[in-house]
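Enquirer: Have a peek at target-v2.txt (compact mmCIF, C-alpha atoms).
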```txt
# COMPACT_ATOMS: atom_id res chain seq x y z
CA MET B 1 0.00 0.00 0.00
CA SER B 2 2.37 2.71 -1.18
CA GLU B 3 1.83 5.77 -3.30
CA ASN B 4 1.69 5.65 -7.06
CA GLU B 5 0.92 1.97 -7.31
CA HIS B 6 4.33 0.82 -6.00
CA HIS B 7 6.23 2.56 -8.76
CA ILE B 8 9.71 3.45 -7.58
CA VAL B 9 11.67 5.67 -9.92
CA PRO B 10 15.01 4.10 -10.89
CA LEU B 11 18.11 5.68 -9.36
CA GLY B 12 19.66 6.25 -12.76
CA LEU B 13 16.70 8.28 -13.95
CA TYR B 14 16.83 10.55 -10.90
CA ALA B 15 20.55 11.11 -11.46
CA LEU B 16 19.99 11.77 -15.17
CA ILE B 17 17.22 14.30 -14.54
CA GLY B 18 19.26 16.01 -11.81
CA GLY B 19 22.23 16.31 -14.14
CA LEU B 20 20.03 17.53 -16.99
CA LEU B 21 18.53 20.23 -14.77
CA LEU B 22 21.97 21.52 -13.83
CA ILE B 23 23.16 21.46 -17.44
CA MET B 24 20.09 23.39 -18.63
CA THR B 25 20.76 26.00 -15.93
CA GLY B 26 24.24 26.41 -17.38
CA VAL B 27 22.77 26.65 -20.87
CA THR B 28 20.32 29.32 -19.71
CA TYR B 29 23.20 31.35 -18.33
CA GLY B 30 25.35 30.81 -21.40
CA VAL B 31 22.62 31.75 -23.86
CA SER B 32 21.94 34.93 -21.89
CA LEU B 33 25.44 36.07 -22.85
CA ILE B 34 24.71 35.75 -26.59
CA ASP B 35 22.73 38.49 -28.24
CA LEU B 36 19.57 37.03 -29.77
CA GLY B 37 17.46 40.14 -29.40
CA PRO B 38 13.89 39.39 -28.33
CA LEU B 39 14.62 35.67 -28.63
CA ASN B 40 16.71 35.80 -25.46
CA THR B 41 13.65 36.00 -23.23
CA ILE B 42 11.78 33.37 -25.21
CA VAL B 43 14.67 30.90 -25.10
CA ALA B 44 15.21 31.49 -21.38
CA LEU B 45 11.54 30.87 -20.63
CA CYS B 46 11.43 27.79 -22.87
CA ILE B 47 14.38 26.29 -21.03
CA ALA B 48 12.73 27.18 -17.71
CA THR B 49 9.54 25.47 -18.84
CA PHE B 50 11.52 22.39 -19.88
CA LYS B 51 13.18 22.25 -16.46
CA ALA B 52 9.87 22.76 -14.66
CA THR B 53 8.31 19.97 -16.73
CA LEU B 54 11.10 17.58 -15.74
CA VAL B 55 10.65 18.43 -12.07
CA VAL B 56 6.87 18.03 -12.21
CA LEU B 57 6.84 14.80 -14.22
CA ILE B 58 9.72 12.91 -12.62
CA PHE B 59 10.53 14.42 -9.22
CA MET B 60 6.87 14.98 -8.38
CA HIS B 61 5.93 11.57 -9.82
CA VAL B 62 3.19 12.90 -12.07
CA LYS B 63 4.42 10.70 -14.92
CA TYR B 64 3.88 7.60 -12.78
CA THR B 65 0.53 8.30 -11.22
CA SER B 66 -2.61 6.69 -12.52
CA GLU B 67 -4.63 9.27 -10.65
CA LYS B 68 -6.39 11.24 -13.40
CA LEU B 69 -7.56 13.89 -10.99
CA THR B 70 -3.99 14.97 -10.27
CA LYS B 71 -3.33 15.63 -13.93
CA ALA B 72 -6.65 17.44 -14.32
CA VAL B 73 -5.79 19.71 -11.40
CA ILE B 74 -2.33 20.52 -12.79
CA ILE B 75 -3.63 21.21 -16.29
CA SER B 76 -6.35 23.49 -14.99
CA ALA B 77 -3.80 25.44 -12.91
CA ILE B 78 -1.65 25.95 -16.01
CA PHE B 79 -4.70 26.90 -18.05
CA PHE B 80 -5.91 29.57 -15.63
CA LEU B 81 -2.43 30.99 -15.12
CA GLY B 82 -2.07 31.09 -18.88
CA LEU B 83 -5.38 32.90 -19.12
CA LEU B 84 -4.24 35.50 -16.59
CA LEU B 85 -0.92 36.12 -18.32
CA THR B 86 -2.25 35.99 -21.89
CA LEU B 87 -5.13 38.38 -21.39
CA SER B 88 -3.00 40.78 -19.34
CA LEU B 89 -0.32 40.66 -22.02
CA ALA B 90 -2.91 41.27 -24.72
CA ASP B 91 -4.13 44.32 -22.84
CA PHE B 92 -0.92 45.93 -21.63
CA GLY B 93 1.27 44.82 -24.49
CA THR B 94 -0.95 46.58 -26.98
CA ARG B 95 -1.52 49.83 -25.13
CA ALA B 96 0.69 51.63 -27.60
CA TRP B 97 -1.65 50.64 -30.42
CA LEU B 98 -4.54 52.98 -30.96
CA MET Q 99 14.52 -1.44 9.87
CA SER Q 100 16.15 -2.67 13.08
CA ASP Q 101 18.42 0.36 13.35
CA SER Q 102 15.43 2.67 13.41
CA HIS Q 103 13.88 0.64 16.19
CA ALA Q 104 17.11 0.86 18.09
CA SER Q 105 17.27 4.60 17.69
CA ALA Q 106 13.59 5.24 18.25
CA ILE Q 107 12.75 7.21 21.33
CA ALA Q 108 11.93 4.65 23.97
CA THR Q 109 8.62 5.49 25.54
CA GLY Q 110 7.34 1.98 25.76
CA ALA Q 111 5.35 2.52 22.58
CA HIS Q 112 6.47 0.94 19.33
CA ALA Q 113 7.66 3.04 16.43
CA GLY Q 114 8.00 2.26 12.75
CA THR Q 115 6.08 -0.63 11.33
CA GLN Q 116 3.65 -0.88 14.21
CA ASP Q 117 2.58 2.73 13.75
CA ALA Q 118 2.26 2.19 10.03
CA ALA Q 119 0.34 -1.04 10.42
CA GLN Q 120 -2.03 0.61 12.86
CA ARG Q 121 -2.76 3.36 10.37
CA GLU Q 122 -6.26 2.37 9.62
CA LEU Q 123 -8.48 2.89 6.68
CA ARG Q 124 -10.80 5.79 7.48
CA HIS Q 125 -14.42 4.93 6.84
CA HIS Q 126 -14.94 7.34 3.97
CA PHE Q 127 -12.24 5.76 1.79
CA VAL Q 128 -12.52 2.67 -0.36
CA ASP Q 129 -8.95 1.44 0.26
CA MET Q 130 -5.55 2.61 1.51
CA GLN Q 131 -4.43 3.58 -1.99
CA GLN Q 132 -7.34 5.95 -2.34
CA GLN Q 133 -6.67 7.33 1.13
CA SER Q 134 -3.09 8.22 0.31
CA ASN Q 135 -4.00 9.50 -3.17
CA THR Q 136 -6.45 11.85 -1.51
CA ALA Q 137 -3.74 13.29 0.71
CA SER Q 138 -1.59 13.94 -2.35
CA LEU Q 139 -4.52 15.50 -4.18
CA GLY Q 140 -4.99 17.82 -1.21
CA MET Q 141 -1.40 18.96 -1.49
CA TRP Q 142 -1.75 19.44 -5.25
CA LEU Q 143 -4.83 21.60 -4.73
CA PHE Q 144 -2.89 23.71 -2.25
CA LEU Q 145 -0.08 24.03 -4.81
CA VAL Q 146 -2.65 25.27 -7.33
CA THR Q 147 -3.54 28.08 -4.93
CA GLU Q 148 0.18 28.81 -4.72
CA VAL Q 149 0.36 28.94 -8.53
CA MET Q 150 -2.35 31.57 -8.45
CA PHE Q 151 -0.54 33.38 -5.65
CA PHE Q 152 2.83 33.58 -7.35
CA GLY Q 153 1.16 33.86 -10.74
CA GLY Q 154 -0.41 37.15 -9.71
CA MET Q 155 3.02 38.51 -8.84
CA PHE Q 156 4.51 37.22 -12.07
CA CYS Q 157 1.69 39.04 -13.88
CA ALA Q 158 2.50 42.29 -12.09
CA TYR Q 159 6.15 41.83 -13.03
CA LEU Q 160 5.18 41.19 -16.65
CA ILE Q 161 3.05 44.32 -16.90
CA TYR Q 162 5.69 46.63 -15.45
CA ARG Q 163 8.45 45.02 -17.45
CA LEU Q 164 6.52 45.77 -20.65
CA ALA Q 165 5.92 49.35 -19.58
CA TYR Q 166 9.39 50.14 -18.24
CA PHE Q 167 11.59 47.77 -20.21
CA LYS Q 168 14.80 49.83 -20.33
CA ASP Q 169 14.68 50.73 -16.64
CA PHE Q 170 13.95 47.11 -15.72
CA ALA Q 171 16.86 45.94 -17.86
CA ALA Q 172 19.23 48.38 -16.16
CA ALA Q 173 17.98 47.31 -12.73
CA SER Q 174 18.27 43.62 -13.57
CA GLN Q 175 21.81 44.10 -14.82
CA SER Q 176 22.82 45.57 -11.46
CA ILE Q 177 22.11 42.27 -9.72
CA ASP Q 178 25.00 39.80 -9.61
CA VAL Q 179 23.90 36.92 -11.83
CA ARG Q 180 26.50 34.54 -10.38
CA TRP Q 181 24.73 34.38 -7.02
CA GLY Q 182 21.44 33.78 -8.80
CA ALA Q 183 22.89 30.97 -10.89
CA LEU Q 184 24.49 29.42 -7.81
CA ASN Q 185 21.20 29.58 -5.96
CA THR Q 186 19.42 27.95 -8.89
CA ALA Q 187 21.92 25.08 -8.82
CA VAL Q 188 21.61 24.78 -5.02
CA LEU Q 189 17.83 24.51 -5.21
CA LEU Q 190 17.94 21.99 -8.04
CA VAL Q 191 20.31 19.78 -6.03
CA SER Q 192 18.01 20.12 -3.01
CA SER Q 193 15.11 18.97 -5.20
CA TRP Q 194 17.16 15.96 -6.18
CA THR Q 195 17.99 15.10 -2.55
CA MET Q 196 14.30 15.51 -1.70
CA ALA Q 197 13.30 13.11 -4.49
CA MET Q 198 15.92 10.68 -3.22
CA ALA Q 199 14.50 11.01 0.29
CA VAL Q 200 11.04 10.04 -0.96
CA ARG Q 201 12.60 7.10 -2.79
CA CYS Q 202 14.33 5.97 0.41
CA ALA Q 203 11.02 6.15 2.24
CA GLN Q 204 9.43 4.01 -0.46
CA LEU Q 205 12.20 1.43 -0.05
CA GLY Q 206 12.09 1.55 3.73
CA LYS Q 207 15.68 2.81 4.01
CA GLN Q 208 15.26 4.70 7.26
CA LYS Q 209 18.80 5.97 7.84
CA LEU Q 210 19.35 7.08 4.26
CA LEU Q 211 15.99 8.84 4.39
CA VAL Q 212 17.16 10.97 7.31
CA ILE Q 213 20.45 11.71 5.57
CA PHE Q 214 18.80 12.89 2.37
CA LEU Q 215 16.34 15.02 4.36
CA LEU Q 216 19.27 16.58 6.21
CA PHE Q 217 21.00 17.40 2.94
CA THR Q 218 17.79 18.89 1.54
CA MET Q 219 17.56 21.11 4.60
CA LEU Q 220 21.25 22.02 4.30
CA PHE Q 221 20.87 23.11 0.67
CA GLY Q 222 17.72 25.03 1.52
CA ALA Q 223 19.58 26.88 4.25
CA THR Q 224 22.45 27.56 1.83
CA PHE Q 225 19.97 29.13 -0.58
CA LEU Q 226 18.70 31.43 2.15
CA GLY Q 227 22.26 32.35 3.15
CA VAL Q 228 23.10 33.38 -0.41
CA LYS Q 229 19.83 35.33 -0.62
CA ALA Q 230 20.73 37.17 2.58
CA LYS Q 231 24.08 38.13 1.04
CA GLU Q 232 22.30 39.38 -2.08
CA TYR Q 233 19.86 41.41 -0.01
CA TYR Q 234 22.78 42.91 1.89
CA ASP Q 235 24.40 43.93 -1.40
CA LYS Q 236 21.18 45.64 -2.40
CA TYR Q 237 21.13 47.43 0.94
CA GLU Q 238 24.68 48.71 0.44
CA GLU Q 239 23.95 49.90 -3.08
CA HIS Q 240 20.84 51.78 -1.96
CA HIS Q 241 18.61 49.61 -4.11
CA ILE Q 242 16.06 48.87 -1.42
CA PRO Q 243 12.83 50.78 -2.17
CA GLY Q 244 12.18 53.52 0.31
CA PRO Q 245 13.54 56.91 1.36
CA ASN Q 246 17.17 55.91 0.74
CA PHE Q 247 16.60 54.49 -2.71
CA ASN Q 248 19.05 55.70 -5.30
CA PHE Q 249 19.77 53.86 -8.52
CA ASP Q 250 22.95 54.91 -10.32
CA GLY Q 251 23.44 51.89 -12.55
CA LYS Q 252 23.72 52.17 -16.30
CA LEU Q 253 21.93 50.37 -19.08
CA LEU Q 254 24.28 48.03 -20.94
CA GLY Q 255 24.91 49.26 -24.47
CA HIS Q 256 23.10 52.55 -23.81
CA PRO Q 257 25.31 54.53 -21.44
CA GLU Q 258 23.57 57.77 -22.38
CA TYR Q 259 20.16 56.53 -21.21
CA VAL Q 260 18.98 58.17 -18.02
CA VAL Q 261 17.33 55.54 -15.87
CA ASN Q 262 14.03 56.62 -14.35
CA GLN Q 263 14.42 56.32 -10.57
CA ARG Q 264 10.77 55.49 -9.90
CA HIS Q 265 10.72 52.81 -12.58
CA ALA Q 266 13.92 51.23 -11.28
CA GLU Q 267 12.45 51.37 -7.79
CA MET Q 268 9.42 49.48 -9.10
CA PHE Q 269 11.69 46.71 -10.34
CA PHE Q 270 13.22 46.38 -6.91
CA SER Q 271 9.83 46.50 -5.20
CA ILE Q 272 8.75 43.54 -7.30
CA TYR Q 273 12.15 41.88 -6.81
CA PHE Q 274 11.91 42.04 -3.03
CA ALA Q 275 8.23 41.09 -3.01
CA MET Q 276 8.72 38.01 -5.17
CA THR Q 277 12.05 36.77 -3.85
CA GLY Q 278 10.94 37.66 -0.33
CA MET Q 279 7.75 35.66 -0.66
CA HIS Q 280 9.77 32.84 -2.19
CA ALA Q 281 12.25 33.00 0.69
CA LEU Q 282 9.37 32.87 3.16
CA HIS Q 283 8.22 29.68 1.47
CA MET Q 284 11.77 28.34 1.81
CA ILE Q 285 11.77 29.12 5.54
CA ILE Q 286 8.46 27.31 5.93
CA GLY Q 287 9.99 24.46 3.93
CA LEU Q 288 12.91 24.29 6.35
CA GLY Q 289 10.45 24.00 9.22
CA LEU Q 290 8.69 21.15 7.41
CA MET Q 291 12.06 19.49 6.78
CA ALA Q 292 12.85 19.69 10.50
CA TYR Q 293 9.56 17.95 11.28
CA LEU Q 294 10.29 15.24 8.70
CA ILE Q 295 13.81 14.69 10.04
CA ILE Q 296 12.56 14.29 13.59
CA ALA Q 297 9.66 12.06 12.60
CA SER Q 298 11.71 9.83 10.31
CA GLY Q 299 14.44 9.66 12.95
CA MET Q 300 11.77 8.27 15.24
CA GLY Q 301 10.97 5.66 12.62
CA LYS Q 302 7.49 6.89 11.78
CA PHE Q 303 7.82 6.26 8.05
CA ASP Q 304 8.37 3.05 6.12
CA SER Q 305 7.50 1.57 2.75
CA THR Q 306 3.85 1.21 3.71
CA TYR Q 307 3.39 4.74 5.00
CA TYR Q 308 5.35 7.79 3.92
CA THR Q 309 2.60 10.21 2.99
CA PRO Q 310 4.08 13.28 4.77
CA VAL Q 311 7.44 12.71 3.08
CA GLU Q 312 5.78 12.48 -0.33
CA ASN Q 313 3.58 15.53 0.13
CA ILE Q 314 6.13 17.81 1.75
CA GLY Q 315 8.33 16.74 -1.16
CA LEU Q 316 5.67 18.05 -3.52
CA TYR Q 317 5.73 21.40 -1.68
CA TRP Q 318 9.52 21.56 -1.87
CA HIS Q 319 9.57 20.80 -5.60
CA PHE Q 320 6.96 23.47 -6.20
CA VAL Q 321 9.03 26.13 -4.44
CA ASP Q 322 11.92 25.02 -6.66
CA VAL Q 323 9.79 25.41 -9.81
CA VAL Q 324 8.89 28.97 -8.77
CA TRP Q 325 12.59 29.78 -8.54
CA ILE Q 326 13.25 28.12 -11.92
CA TYR Q 327 11.03 30.81 -13.44
CA LEU Q 328 12.14 33.64 -11.16
CA PHE Q 329 15.82 33.25 -12.06
CA PRO Q 330 15.68 34.10 -15.80
CA LEU Q 331 13.05 36.79 -15.32
CA ILE Q 332 14.85 38.67 -12.56
CA TYR Q 333 18.51 38.12 -13.41
CA LEU Q 334 18.74 37.72 -17.16
CA ILE Q 335 17.14 40.73 -18.81
CA SER Q 336 19.26 41.89 -21.76
CA ARG Q 337 22.67 40.97 -20.44
CA THR Q 338 24.32 40.82 -23.82
CA LYS Q 339 24.93 44.40 -24.78
CA GLY Q 340 27.94 44.95 -22.60
```
Translate the structure described by the file into structure tokens.

Expert:
Amino acid sequence: MSENEHHIVPLGLYALIGGLLLIMTGVTYGVSLIDLGPLNTIVALCIATFKATLVVLIFMHVKYTSEKLTKAVIISAIFFLGLLLTLSLADFGTRAWL
Amino acid sequence: MSDSHASAIATGAHAGTQDAAQRELRHHFVDMQQQSNTASLGMWLFLVTEVMFFGGMFCAYLIYRLAYFKDFAAASQSIDVRWGALNTAVLLVSSWTMAMAVRCAQLGKQKLLVIFLLFTMLFGATFLGVKAKEYYDKYEEHHIPGPNFNFDGKLLGHPEYVVNQRHAEMFFSIYFAMTGMHALHMIIGLGLMAYLIIASGMGKFDSTYYTPVENIGLYWHFVDVVWIYLFPLIYLISRTKG
């Protein structure tokens, strides 16, 4: 009677993900030193999203849970946050337009 | 698990497996799996409220960054990115040790569980120490919003640009609000770690029951994810022009 239907994440996978997270942090820092114009922010946020996804799926065991409700809750959180940011961006980002 | 029994506080009551075995199925659950899934779902729902909480602050940051981009860039460039990068690495390692702690609980490795929890707490404390150093730097440079605020940094690549003091102050207001709230969550996390270390030292968790370890782990990972987004947004605005 343990969580997540007895699934124990293999040691190697934890080590791999941990290493990957640290490498991507280095990449984020390195890319910030190269001038890509507006792409800098986009790349940095994409890498951040990739790292966050790894943490949520593997470290937080979401990949291994058969509990549908957990995934529904996470997706709805992302959706509503996205709604907040998108609509605010659409408003304030276009204030200069008349 | 004999070493945990040996080290358990002797009060005449049994620790470890007996506690876990006595954990009974509450009447409103179908089975133990559902009972523990429900606890995790509760933590996830709390984390959703935290997403909304931090999300609101990220939104405020986004709006002001759009409006005052140059001033925000200048302000961001005045923060030492090396401390931020170090802190990011420290938190990521602490997330790894936390995941390992949960794994040890699942495998019933009591001693290793305590060790990984201790390391998680150590890295969390390291993060806060570095943050304190950063805050002190801001204090010395007069970058703390208030009567003594004075920003004399320059915008990389645009030395002629005169930074608007109020706009730069807004960056630092948001900086202290967001990193301060994040640090508060770290402090709470350290308290939770202390509880876990004491409880696991007493042998309260094993492979049949480790719900608090799992769920406090979820909290810890979430605080890490918030920092994963905070780092590029606060520290890495337009660093290339120099």

Enquirer: Quick one: residues within 12 Å of Lys68 of chain B, all atoms listed in the file, excluding same-chain residues fewer than 5 positions away - as a list in words?

Expert: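 That gives Asn4, Val62, Lys63, Val73, Ile74 and Ile75 of chain B; Asn135, Thr136 and Leu139 of chain Q.
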
Enquirer: Set out as CSV a contact list for chain B and chain Q with a cut-off of 8 Å, giving each residue of chain B that qualifies its closest atom pair and distance in Å to one decimal, counting only C-alpha atoms, ordered by chain and rising residue number.

Expert:
```
residue,atom,partner,partner_atom,distance
B:Met1,CA,Q:Thr306,CA,5.5
B:Ser2,CA,Q:Thr306,CA,5.3
B:Glu3,CA,Q:Ser134,CA,6.6
B:Asn4,CA,Q:Asn135,CA,7.9
B:Glu5,CA,Q:Gln131,CA,7.7
B:Ile8,CA,Q:Arg201,CA,6.7
B:Val9,CA,Q:Arg201,CA,7.3
B:Tyr14,CA,Q:Trp194,CA,7.2
B:Ala15,CA,Q:Trp194,CA,7.9
B:Gly18,CA,Q:Trp194,CA,6.0
B:Leu21,CA,Q:Leu190,CA,7.0
B:Leu22,CA,Q:Ala187,CA,6.1
B:Thr25,CA,Q:Ala187,CA,7.3
B:Thr28,CA,Q:Pro330,CA,7.7
B:Tyr29,CA,Q:Ala183,CA,7.5
B:Ser32,CA,Q:Arg337,CA,6.3
B:Leu33,CA,Q:Thr338,CA,5.0
B:Ile34,CA,Q:Thr338,CA,5.8
B:Asp35,CA,Q:Thr338,CA,5.2
B:Asn40,CA,Q:Ser336,CA,7.6
B:Thr41,CA,Q:Ile335,CA,7.4
B:Ala44,CA,Q:Pro330,CA,6.2
B:Leu45,CA,Q:Pro330,CA,7.1
B:Ala48,CA,Q:Tyr327,CA,5.9
B:Thr49,CA,Q:Tyr327,CA,7.7
B:Lys51,CA,Q:Ile326,CA,7.4
B:Ala52,CA,Q:Val323,CA,5.5
B:Val55,CA,Q:His319,CA,7.0
B:Val56,CA,Q:His319,CA,7.7
B:Phe59,CA,Q:Ala197,CA,5.6
B:Met60,CA,Q:Leu316,CA,5.9
B:Glu67,CA,Q:Asn135,CA,7.5
B:Leu69,CA,Q:Leu139,CA,7.6
B:Thr70,CA,Q:Leu139,CA,6.1
B:Val73,CA,Q:Leu143,CA,7.0
B:Ile74,CA,Q:Val146,CA,7.2
B:Ala77,CA,Q:Val146,CA,5.7
B:Leu81,CA,Q:Gly153,CA,6.3
B:Leu84,CA,Q:Cys157,CA,7.4
B:Leu85,CA,Q:Cys157,CA,5.9
B:Ser88,CA,Q:Cys157,CA,7.4
B:Leu89,CA,Q:Ile161,CA,7.1
B:Phe92,CA,Q:Ile161,CA,6.4
B:Gly93,CA,Q:Leu164,CA,6.6
```

Enquirer: Using all atoms listed in the file, determine which residues lie at most 9 Å from Phe269 of chain Q, disregarding the query and same-chain residues fewer than 2 positions distant; provide the list as an MDAnalysis selection string.

Expert: chainID Q and resid 159 162:163 166 169:170 173:174 264:267 271:274 332

Enquirer: So for segment 195-212 of chain Q, what box centre and size do we get, axis-aligned, 8 Å extra on each of the six sides, every listed atom, Å to one decimal, as AutoDock Vina command-line options?

Expert:
```
--center_x 14.4 --center_y 8.5 --center_z 1.7 --size_x 25.9 --size_y 30.1 --size_z 28.3
```

Enquirer: Which residue out of B:His7, B:Ile47, B:Leu16, B:Phe79 has the minimum interatomic distance to Val31 of chain B when only C-alpha atoms are used?

Expert: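 Closest residue, counting only C-alpha atoms: B:Ile47.
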
Enquirer: Show which residues sit within 8 Å of Val228 of chain Q, as a list in words. Count only C-alpha atoms, and ignore same-chain residues fewer than 4 positions away.

Expert: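 The filter keeps Trp181, Asn185, Thr224 and Glu232 of chain Q.
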